[in-house]
Amino acid sequence: MLKHNLGYPRIGIRRELKKACEAYWSNKINSGALFEVGTKIRKENWKIQEKAGLDLIPCNDFSFYDHVLDMSLLLGVISESYLSIKLIDNNIDLYFSMARGFQKNGWDIKAMEMTKWFNTNYHYIVPEFYKNQKFSIFSNKIFDELAESKNILKSIKKIKPVLIGPVSYLFLGKEKEKSFYRMDLIENLIPIYIKIIQKLKNEGVNWIQLDEPILGLDMSEKDKKIFKYAYGEISRFCSEINILLTSYFDGISENISLFHDISIQALHIDLVEEPNQLEKILSFFSRESKTILSLGVIDGRNIWKNNYANSIQKIEKAIESLGEDRVMIAPNCSLLHVPIDIEYENSIHIDIKNKMSFARQKIDELNDLEKIIKGNKNILLSNSSLLEESSSVFYDIKIKERAIKITDKDIQRDNPFYIRQKKQKQKFNLPLFPTTTIGSFPQTKEIRNLRNKFRKKELSREEYDEKIKNFIVDVVKKQEKIDLDVLVHGEFERTDMVEYFSDKLKGILSTENGWVQSYGSRCVKPPVIYGDVGRVGDMTVKWICFAQSQTKKLMKGMLTGPVTILQWSFVRDDQPLSHTAYQIAWAIREEVLSLERSGIQIIQIDEPALREGLPLKKKNWKSYFDWSIKAFRLSSSGVKDETQIHTHMCYSEFNDIFKHIADMDADVITMETSRSKMELLKAFSVFSYPNEIGPGVYDIHSPRIPTVEEIFDLIEKASKKLPIKNIWINPDCGLKTRKWEEVLMSLHNMTKAAKMARIKLVS
Ligand code: GLN
Ligand code: ZN
């Protein structure tokens with residue numbers, strides 16, 4: 001039974017990669033110094049995995065920015081615009097210009113598009129394909145790293161180079177020209193893959209890993225055919241090397257028939273996301289006599305210790321049906337998605353820390369599992385008793401009980417929308433096309449320094465509060481001057497929309513060093529939801545009420561919703577996600593009610609992450625929407641008819657889920673749309689959204705100032721699709737990443753356009 005790993009975090013324990021890349025980009029170090037940091041991280045990673053006794057250790061899982069972009073460079077998938085930059089004469093600068101764009105000496109080339117890696121929070125650079133796309137071996141990275149690993153690990157037999165498989169690689173990309181389907185490029189692509197594999201074989205490599213996460217999706221018949229073709233060819237021409245095909249993030253039972261005609265040495269399946277697939281996969285492979293099954297039993301996307309009893313049960317089942325030689329064990333996916341080492345956490349309560357495991361610990365868990373299989377029952381027993389250990393830090397029986405006792409009344413406003421709308425319109429007396437923003441205003445250096453100083457206790461609570469109040473006073477004045485209708489307090493006290501709340505809720509903790517790569521040099525430190533989540537006191541009321549006291553206009557309260565808090569955290573795995581979501585929802589609901597009692601009449605509950613939590617397979621969508629929408633409604637339905645609930649969503653395609661968004665029954669929703677020039681509006685031709693809506697009228701992701709005319713034009717378009725009385729006018733997301741001067745001019749044009757619309761579009 002071989003133990004292996006699909007990929008190890010590459011940012012370095014002190015985020016060395018981030019620091020080195022950023023220093024290189026700002027010309028503080030040269031490429032030699034940058035490469036040195038890469039070498040050091042790789043060496044450390046290989047040593048750790050070697051020491052942990054892994055039989056197969058990944059190579060080429062390191063990346064200076066993104067492993068999908070690495071593939072594009074390896075395969076020569078590089079758009080002409082980057083190749084034509086005369087100032088660039090080496091691969092690393094070419095690579096970074098693709099990732100980040102190139103603005104220098106008159107050149108202004110945009111970065112490539114970036115999008116989410118399946119349903120994780122990692123972002124990859126989307127490969128760009130042209131109709132006559134050529135492929136070639138362009139970069140040497142994989143071969144260089146192989147040579148390096150040979151030096152360090154001594155035994156080549158242990159090294160397993162990792163590549164994204166050809167079918168998933170094409171699938172993850174995008175056509176840059178019309179009238180062709182990128183998957184049809186497979187015939188051009190396969191010969192290059194075969195060349196690469198043969199070259200690796202000639203270097204003495206015994207195993208290679210081809211990642212094909214497409215296997216976990218709903219594959220079309222056409223894509224299945226392409227898959228069969230691809231692996232038919234690869235197994236024909238690369239028979240002297242062992243190929244491990246990996247799937248992850250979901251089960252592959254629906255696609256298992258593909259393996260009737262494909263002969264590969266080993267297949268990896270994700271038994272964390274989809275434990276139920278084991279039975280079917282085993283019965284499929286037990287009919288033949290050679291394919292090895294790699295069992296992904298350790299959770300590479302969460303930070304809890306493995307439940308050995310659970311894993312052993314699966315491993316034993318597989319051994320029983322295939323024999324020990326045909327079973328491998330591994331984490332379910334690359335460990336890229338978890339922090340590196342729990343030993344660097346010094347302030348986590350010991351009862352919680354004992355149950356946690358980061359990448360380094362997860363590798364050791366494989367060893368434990370092997371020992372248990374070989375007969376060491378003590379390890380199994382101590383793991384079971386550790387996981388069962390209860391501690392008062394985890395449980396709050398009242399919260400637990402309330403979370404699942406949800407009545408219909410709890411998730412229903414008192415009256416339907418049309419009655420609420422009438423009451424709200426009467427009470428607020430807002431003009432048609434009311435204007436507002438999404439919540440945050442520019443986070444300047446000054447404000448970030450202020451928060452840092454307070455965090456480091458260089459400022460007293462009073463001093464800090466006073467300064468924050470000054471920022472609020474200022475932002476209220478600015479909004480009044482621009483003549484916005486519904487104001488916000490600016491979110492100056494928040495570093496991050498989830499962290500702010502998780503720091504204030506019980507049952508959630510922040511780590512000191514639990515960094516995970518989000519994209520390129522950007523790392524995030526997701527909070528850990530370890531126990532029953534509850535509200536200990538007011539979280540936002542003080543700031544919102546202060547802001548309201550500064551103006552006669554309506555001040556909008558600003559909260560993060562339960563689904564987003566859940567989605568952007570590491571979540572406990574000892575109860576269904578829905579229960580945790582309901583616990584958070586109850587806590588947010590209490591905050592909503594507290595704001596209402598304090599006189600706040602409009603409250604926004606942001607749910608930008610609602611869509612990204614969507615399961616990969618359509619068949620699982622319904623149950624996701626059932627609990628996620630219920631959680632949102634639980635958080636928002638406690639208020640009176642006259643209190644207006646807003647929500648905000650961004651980052652994603654909404655057209656296919658509009659009906660569910662309507663089920664949230666927020667009085668007003670503001671959405672990201674403007675990058676796609678109100679693509680969203682197409683959805684309204686098919687589905688008429690029942691409540692009020694603010695389809696973002698300009699793109700906050702770009703520094704460009706929108707003109708009054710173009711905003712008016714968008715408003716006019718919207719007014720043809722939606723009842724005028726339901727339309728709000730707002731930017732498409734929060735303004736925290738923008739500069740003040742841009743914001744002032746853009747918002748000024750926005751309110752001007754709204755005023756124009758009130759005259760021209762209202763008859
Ligand atoms: N209220 C948040 C802000 O304005 C919303 C952020 C988001 O949509 N991700 O920053
Ligand atoms: Zn947004």
# chains A, B, ... in the order shown; residues from 1 in each chain; ligands from 1
>>> residues_around(residues="Tyr130 of chain A", least_positions_apart="3", cutoff="6 Å", atoms="only C-alpha atoms", output="list in words")
Gln133, Lys176 and Glu177 of chain A
>>> write_last_selection(atoms="all heavy atoms", output="mmCIF file, in the first residue's frame")
data_model
loop_
_atom_site.group_PDB
_atom_site.id
_atom_site.type_symbol
_atom_site.label_atom_id
_atom_site.label_comp_id
_atom_site.auth_asym_id
_atom_site.auth_seq_id
_atom_site.Cartn_x
_atom_site.Cartn_y
_atom_site.Cartn_z
ATOM 1 N N GLN A 133 -4.718 26.984 -32.598
ATOM 2 C CA GLN A 133 -3.778 26.911 -31.481
ATOM 3 C C GLN A 133 -2.673 25.888 -31.742
ATOM 4 O O GLN A 133 -2.946 24.745 -32.087
ATOM 5 C CB GLN A 133 -4.536 26.541 -30.207
ATOM 6 C CG GLN A 133 -3.702 26.541 -28.955
ATOM 7 C CD GLN A 133 -3.296 27.957 -28.564
ATOM 8 O OE1 GLN A 133 -4.129 28.849 -28.512
ATOM 9 N NE2 GLN A 133 -2.012 28.148 -28.324
ATOM 10 N N LYS A 176 -10.760 32.270 -27.397
ATOM 11 C CA LYS A 176 -10.585 33.708 -27.625
ATOM 12 C C LYS A 176 -11.059 34.125 -29.006
ATOM 13 O O LYS A 176 -10.963 35.284 -29.383
ATOM 14 C CB LYS A 176 -9.111 34.106 -27.450
ATOM 15 C CG LYS A 176 -8.626 33.992 -26.032
ATOM 16 C CD LYS A 176 -9.340 34.944 -25.086
ATOM 17 C CE LYS A 176 -8.692 36.303 -25.055
ATOM 18 N NZ LYS A 176 -9.303 37.183 -24.027
ATOM 19 N N GLU A 177 -11.515 33.127 -29.762
ATOM 20 C CA GLU A 177 -12.095 33.417 -31.075
ATOM 21 C C GLU A 177 -13.401 32.659 -31.166
ATOM 22 O O GLU A 177 -13.578 31.649 -30.487
ATOM 23 C CB GLU A 177 -11.186 32.876 -32.189
ATOM 24 C CG GLU A 177 -10.013 33.744 -32.526
ATOM 25 C CD GLU A 177 -9.094 33.035 -33.520
ATOM 26 O OE1 GLU A 177 -8.846 31.827 -33.365
ATOM 27 O OE2 GLU A 177 -8.640 33.690 -34.445
#
>>> select_by_dssp(residues="segment 111-263 of chain A", states="strand (DSSP E)", output="PyMOL selection string")
chain A and resi 114-116+123-125+128-129+159-164+174-175+207-211+242-246
>>> residues_around(residues="Ile715 of chain A", least_positions_apart="5", cutoff="10 Å", atoms="only C-alpha atoms", output="PyMOL selection string")
chain A and resi 433+678+694-697+709-710+720+724+727-729+753-754+756-757+761
>>> write_last_selection(atoms="all heavy atoms", output="short mmCIF file (atom, residue, chain, number, x, y, z; two decimals), in the first residue's frame")
data_model
loop_
_atom_site.label_atom_id
_atom_site.label_comp_id
_atom_site.auth_asym_id
_atom_site.auth_seq_id
_atom_site.Cartn_x
_atom_site.Cartn_y
_atom_site.Cartn_z
N PHE A 433 -35.56 55.65 -8.76
CA PHE A 433 -34.13 55.39 -8.99
C PHE A 433 -33.28 55.85 -7.81
O PHE A 433 -32.34 56.66 -7.97
CB PHE A 433 -33.63 56.10 -10.27
CG PHE A 433 -34.35 55.69 -11.52
CD1 PHE A 433 -35.17 56.59 -12.22
CD2 PHE A 433 -34.20 54.40 -12.02
CE1 PHE A 433 -35.82 56.19 -13.38
CE2 PHE A 433 -34.85 54.01 -13.20
CZ PHE A 433 -35.67 54.92 -13.87
N MET A 678 -24.30 44.71 -18.18
CA MET A 678 -25.67 44.34 -17.82
C MET A 678 -26.15 43.06 -18.51
O MET A 678 -27.30 42.92 -18.87
CB MET A 678 -26.62 45.49 -18.14
CG MET A 678 -26.38 46.66 -17.24
SD MET A 678 -27.85 46.97 -16.29
CE MET A 678 -27.34 48.32 -15.31
N GLY A 694 -30.82 46.54 -7.65
CA GLY A 694 -29.86 47.52 -8.16
C GLY A 694 -28.78 46.82 -8.96
O GLY A 694 -27.77 46.40 -8.41
N PRO A 695 -29.00 46.67 -10.27
CA PRO A 695 -27.96 46.04 -11.10
C PRO A 695 -26.82 47.05 -11.25
O PRO A 695 -27.03 48.11 -11.81
CB PRO A 695 -28.66 45.80 -12.45
CG PRO A 695 -29.94 46.58 -12.42
CD PRO A 695 -30.13 47.19 -11.06
N GLY A 696 -25.66 46.75 -10.71
CA GLY A 696 -24.55 47.71 -10.68
C GLY A 696 -24.38 48.47 -11.98
O GLY A 696 -24.30 47.87 -13.04
N VAL A 697 -24.29 49.81 -11.90
CA VAL A 697 -24.23 50.58 -13.14
C VAL A 697 -22.81 50.96 -13.56
O VAL A 697 -22.61 51.54 -14.61
CB VAL A 697 -25.08 51.87 -13.07
CG1 VAL A 697 -26.56 51.52 -13.00
CG2 VAL A 697 -24.67 52.72 -11.88
N GLU A 709 -23.38 59.79 -19.34
CA GLU A 709 -24.15 59.24 -20.47
C GLU A 709 -24.17 57.72 -20.44
O GLU A 709 -25.20 57.10 -20.63
CB GLU A 709 -23.56 59.71 -21.81
CG GLU A 709 -23.79 61.18 -22.12
CD GLU A 709 -23.00 62.11 -21.18
OE1 GLU A 709 -21.86 61.72 -20.77
OE2 GLU A 709 -23.51 63.18 -20.84
N GLU A 710 -23.00 57.11 -20.20
CA GLU A 710 -23.02 55.65 -20.24
C GLU A 710 -23.80 55.06 -19.07
O GLU A 710 -24.45 54.04 -19.21
CB GLU A 710 -21.61 55.06 -20.37
CG GLU A 710 -20.75 55.17 -19.13
CD GLU A 710 -19.30 54.77 -19.39
OE1 GLU A 710 -18.67 55.40 -20.24
OE2 GLU A 710 -18.82 53.85 -18.73
N LYS A 720 -36.18 49.21 -19.24
CA LYS A 720 -37.01 48.52 -20.23
C LYS A 720 -37.31 47.09 -19.81
O LYS A 720 -38.23 46.45 -20.31
CB LYS A 720 -36.31 48.52 -21.58
CG LYS A 720 -36.34 49.92 -22.18
CD LYS A 720 -35.91 49.96 -23.61
CE LYS A 720 -36.01 51.39 -24.11
NZ LYS A 720 -34.79 51.83 -24.79
N ILE A 724 -39.97 50.36 -13.16
CA ILE A 724 -39.16 51.50 -12.70
C ILE A 724 -39.17 51.64 -11.18
O ILE A 724 -38.15 51.95 -10.57
CB ILE A 724 -39.65 52.79 -13.40
CG1 ILE A 724 -39.11 52.77 -14.84
CG2 ILE A 724 -39.17 54.04 -12.66
CD1 ILE A 724 -39.44 53.99 -15.65
N ILE A 727 -36.23 49.77 -9.37
CA ILE A 727 -34.81 49.90 -9.74
C ILE A 727 -34.02 50.81 -8.79
O ILE A 727 -34.44 51.92 -8.49
CB ILE A 727 -34.67 50.44 -11.18
CG1 ILE A 727 -35.38 49.49 -12.16
CG2 ILE A 727 -33.20 50.60 -11.56
CD1 ILE A 727 -35.35 49.96 -13.61
N TRP A 728 -32.88 50.32 -8.34
CA TRP A 728 -31.93 51.11 -7.55
C TRP A 728 -30.70 51.40 -8.41
O TRP A 728 -30.38 50.63 -9.32
CB TRP A 728 -31.49 50.34 -6.29
CG TRP A 728 -32.52 50.36 -5.21
CD1 TRP A 728 -33.73 49.73 -5.23
CD2 TRP A 728 -32.43 51.04 -3.95
NE1 TRP A 728 -34.41 49.98 -4.07
CE2 TRP A 728 -33.64 50.78 -3.25
CE3 TRP A 728 -31.47 51.84 -3.33
CZ2 TRP A 728 -33.89 51.29 -1.98
CZ3 TRP A 728 -31.71 52.35 -2.07
CH2 TRP A 728 -32.93 52.08 -1.40
N ILE A 729 -30.02 52.46 -8.06
CA ILE A 729 -28.82 52.85 -8.82
C ILE A 729 -27.61 52.79 -7.88
O ILE A 729 -27.58 53.47 -6.85
CB ILE A 729 -28.96 54.29 -9.37
CG1 ILE A 729 -30.28 54.45 -10.13
CG2 ILE A 729 -27.76 54.64 -10.27
CD1 ILE A 729 -30.45 53.53 -11.32
N ALA A 753 -26.62 60.89 -13.33
CA ALA A 753 -27.35 60.04 -14.28
C ALA A 753 -28.71 59.63 -13.71
O ALA A 753 -29.71 59.57 -14.42
CB ALA A 753 -26.52 58.81 -14.62
N ALA A 754 -28.74 59.35 -12.39
CA ALA A 754 -30.01 58.96 -11.77
C ALA A 754 -31.01 60.11 -11.84
O ALA A 754 -32.20 59.92 -12.13
CB ALA A 754 -29.77 58.55 -10.32
N MET A 756 -31.07 62.46 -14.03
CA MET A 756 -31.48 62.57 -15.44
C MET A 756 -32.58 61.54 -15.73
O MET A 756 -33.57 61.84 -16.39
CB MET A 756 -30.25 62.28 -16.30
CG MET A 756 -30.19 63.02 -17.59
SD MET A 756 -28.43 63.02 -18.09
CE MET A 756 -28.54 61.99 -19.51
N ALA A 757 -32.37 60.34 -15.18
CA ALA A 757 -33.35 59.27 -15.42
C ALA A 757 -34.70 59.64 -14.82
O ALA A 757 -35.75 59.34 -15.40
CB ALA A 757 -32.83 57.96 -14.83
N LEU A 761 -36.96 59.36 -17.91
CA LEU A 761 -37.55 58.02 -18.04
C LEU A 761 -38.88 57.87 -17.31
O LEU A 761 -39.52 56.84 -17.36
CB LEU A 761 -36.57 56.96 -17.54
CG LEU A 761 -35.20 56.94 -18.22
CD1 LEU A 761 -34.31 55.88 -17.61
CD2 LEU A 761 -35.36 56.70 -19.72
#
>>> residues_around(residues="Asn206 of chain A", least_positions_apart="3", cutoff="10 Å", atoms="only C-alpha atoms", output="count of residues only")
15
>>> closest_residue(among="A:Ser72, A:Thr670, A:Gln517, A:Ser357", to="ligand 2", atoms="only C-alpha atoms and all ligand atoms")
A:Thr670
>>> closest_atom_pairs(of="chain A", to="ligand 1", cutoff="10 Å", atoms="only C-alpha atoms and all ligand atoms", output="CSV")
residue,atom,partner,partner_atom_place_in_ligand_line,distance
A:Thr437,CA,ligand 1,4 (O),7.5
A:Ile438,CA,ligand 1,4 (O),4.5
A:Gly439,CA,ligand 1,4 (O),3.6
A:Ser440,CA,ligand 1,4 (O),3.8
A:Phe441,CA,ligand 1,4 (O),7.2
A:Pro442,CA,ligand 1,10 (O),9.4
A:Gln443,CA,ligand 1,10 (O),9.8
A:Val488,CA,ligand 1,4 (O),9.3
A:Gly490,CA,ligand 1,4 (O),7.8
A:Glu491,CA,ligand 1,10 (O),7.4
A:Phe492,CA,ligand 1,10 (O),10.0
A:Arg494,CA,ligand 1,10 (O),9.3
A:Thr495,CA,ligand 1,10 (O),9.9
A:Asp496,CA,ligand 1,10 (O),8.3
A:Met497,CA,ligand 1,2 (C),6.6
A:Val498,CA,ligand 1,9 (N),9.6
A:Gly557,CA,ligand 1,1 (N),9.8
A:Met558,CA,ligand 1,1 (N),6.5
A:Leu559,CA,ligand 1,1 (N),7.4
A:Thr560,CA,ligand 1,1 (N),7.5
A:Thr564,CA,ligand 1,9 (N),9.3
A:Gln604,CA,ligand 1,1 (N),8.0
A:Ile605,CA,ligand 1,1 (N),8.2
A:Asp606,CA,ligand 1,5 (C),6.1
A:Glu607,CA,ligand 1,8 (O),7.3
A:Pro608,CA,ligand 1,8 (O),5.1
A:Ala609,CA,ligand 1,9 (N),7.9
A:Thr647,CA,ligand 1,1 (N),9.2
A:His648,CA,ligand 1,8 (O),6.3
A:Met649,CA,ligand 1,8 (O),5.9
A:Cys650,CA,ligand 1,8 (O),5.6
A:Tyr651,CA,ligand 1,9 (N),7.9
A:Thr670,CA,ligand 1,8 (O),9.5
A:Met671,CA,ligand 1,8 (O),8.6
A:Glu672,CA,ligand 1,8 (O),8.5
A:Pro731,CA,ligand 1,4 (O),9.8
A:Asp732,CA,ligand 1,8 (O),8.5
A:Cys733,CA,ligand 1,8 (O),5.3
A:Gly734,CA,ligand 1,4 (O),3.1
A:Leu735,CA,ligand 1,4 (O),6.1
A:Lys736,CA,ligand 1,10 (O),5.9
A:Thr737,CA,ligand 1,10 (O),8.6
>>> residues_around(residues="Leu744 of chain A", least_positions_apart="4", cutoff="8 Å", atoms="only C-alpha atoms", output="compact mmCIF listing (two decimals) with C-alpha atoms, in the first residue's frame")
# COMPACT_ATOMS: atom_id res chain seq x y z
CA ILE A 482 -22.66 63.82 -3.74
CA TRP A 740 -10.93 58.65 -3.28
CA HIS A 748 -20.98 62.17 -8.81
>>> residues_around(residues="segment 258-270 of chain A", least_positions_apart="6", cutoff="7 Å", atoms="only C-alpha atoms", output="PyMOL selection string")
chain A and resi 228+231-232+235+242-251+291-296+332
>>> closest_residue(among="A:His701, A:Asp211, A:Val68, A:Pro331", to="Asn5 of chain A", atoms="only C-alpha atoms")
A:Pro331
>>> residues_around(residues="Leu170 of chain A", least_positions_apart="6", cutoff="12 Å", atoms="only C-alpha atoms", output="ChimeraX atom specification")
/A:68,71-72,75,77,126-130,133,135,164,181-190,212-214,223,226-227,230
>>> write_last_selection(atoms="N, CA and C atoms", output="short mmCIF file (atom, residue, chain, number, x, y, z; two decimals), in the first residue's frame")
data_model
loop_
_atom_site.label_atom_id
_atom_site.label_comp_id
_atom_site.auth_asym_id
_atom_site.auth_seq_id
_atom_site.Cartn_x
_atom_site.Cartn_y
_atom_site.Cartn_z
N VAL A 68 -1.83 26.47 -13.17
CA VAL A 68 -2.48 26.40 -14.49
C VAL A 68 -1.68 27.26 -15.48
N MET A 71 1.22 25.42 -16.67
CA MET A 71 0.88 24.50 -17.76
C MET A 71 0.86 25.25 -19.09
N SER A 72 0.26 26.46 -19.07
CA SER A 72 0.18 27.23 -20.32
C SER A 72 1.59 27.53 -20.85
N LEU A 75 3.19 24.34 -22.24
CA LEU A 75 2.62 23.90 -23.52
C LEU A 75 2.68 24.97 -24.60
N VAL A 77 1.15 27.83 -24.65
CA VAL A 77 -0.13 28.51 -24.88
C VAL A 77 0.00 29.95 -24.38
N VAL A 126 -6.87 31.74 -16.48
CA VAL A 126 -7.61 31.00 -17.50
C VAL A 126 -6.82 30.91 -18.81
N PRO A 127 -6.48 29.69 -19.27
CA PRO A 127 -5.76 29.56 -20.53
C PRO A 127 -6.58 30.13 -21.70
N GLU A 128 -5.90 30.75 -22.63
CA GLU A 128 -6.58 31.37 -23.77
C GLU A 128 -6.28 30.58 -25.03
N PHE A 129 -7.32 30.13 -25.70
CA PHE A 129 -7.11 29.30 -26.89
C PHE A 129 -7.61 29.98 -28.16
N TYR A 130 -6.86 29.76 -29.21
CA TYR A 130 -7.25 30.26 -30.54
C TYR A 130 -7.55 29.06 -31.44
N GLN A 133 -4.72 26.98 -32.60
CA GLN A 133 -3.78 26.91 -31.48
C GLN A 133 -2.67 25.89 -31.74
N PHE A 135 0.66 23.91 -30.06
CA PHE A 135 1.25 23.54 -28.77
C PHE A 135 2.69 23.11 -28.99
N ILE A 164 -1.36 18.99 -14.91
CA ILE A 164 -2.80 18.97 -15.13
C ILE A 164 -3.04 18.14 -16.38
N TYR A 181 -14.57 24.93 -30.78
CA TYR A 181 -14.74 24.45 -29.42
C TYR A 181 -13.36 24.03 -28.92
N ARG A 182 -12.94 24.62 -27.80
CA ARG A 182 -11.55 24.39 -27.37
C ARG A 182 -11.24 22.91 -27.13
N MET A 183 -12.23 22.11 -26.74
CA MET A 183 -11.94 20.71 -26.47
C MET A 183 -11.49 19.97 -27.74
N ASP A 184 -11.89 20.53 -28.90
CA ASP A 184 -11.47 19.91 -30.16
C ASP A 184 -9.98 20.07 -30.42
N LEU A 185 -9.31 20.86 -29.60
CA LEU A 185 -7.85 21.02 -29.78
C LEU A 185 -7.09 19.79 -29.29
N ILE A 186 -7.83 18.84 -28.73
CA ILE A 186 -7.18 17.70 -28.08
C ILE A 186 -6.20 16.98 -29.02
N GLU A 187 -6.57 16.88 -30.29
CA GLU A 187 -5.70 16.13 -31.22
C GLU A 187 -4.33 16.80 -31.38
N ASN A 188 -4.33 18.13 -31.33
CA ASN A 188 -3.03 18.84 -31.40
C ASN A 188 -2.27 18.76 -30.09
N LEU A 189 -3.03 18.67 -29.03
CA LEU A 189 -2.41 18.76 -27.72
C LEU A 189 -1.76 17.44 -27.28
N ILE A 190 -2.43 16.34 -27.57
CA ILE A 190 -1.96 15.05 -27.06
C ILE A 190 -0.51 14.71 -27.45
N GLU A 212 -7.06 15.21 -13.35
CA GLU A 212 -8.23 15.38 -14.21
C GLU A 212 -9.48 15.64 -13.38
N PRO A 213 -9.52 16.79 -12.71
CA PRO A 213 -10.69 17.08 -11.88
C PRO A 213 -11.99 17.17 -12.68
N ILE A 214 -11.89 17.24 -13.99
CA ILE A 214 -13.11 17.26 -14.82
C ILE A 214 -13.95 16.01 -14.55
N ASP A 223 -17.40 15.52 -24.27
CA ASP A 223 -16.18 15.58 -23.45
C ASP A 223 -15.74 14.18 -23.02
N ILE A 226 -13.84 12.74 -25.83
CA ILE A 226 -12.52 13.35 -25.90
C ILE A 226 -11.60 12.75 -24.84
N PHE A 227 -12.18 12.52 -23.68
CA PHE A 227 -11.41 11.92 -22.59
C PHE A 227 -10.90 10.53 -22.99
N ALA A 230 -8.14 10.84 -25.49
CA ALA A 230 -6.89 11.34 -24.92
C ALA A 230 -6.14 10.22 -24.20
#
>>> select_by_dssp(residues="segment 13-75 of chain A", states="alpha helix (DSSP H)", output="NGL selection string")
:A and (16-25 or 31-51 or 67-74)
>>> closest_residue(among="A:Ile529, A:Ile109, A:Ala309, A:Ala662", to="Asn383 of chain A", atoms="only C-alpha atoms")
A:Ala309
>>> closest_residue(among="A:Ile315, A:Leu366, A:Ile78, A:Ile41", to="Arg14 of chain A", atoms="only C-alpha atoms")
A:Ile41
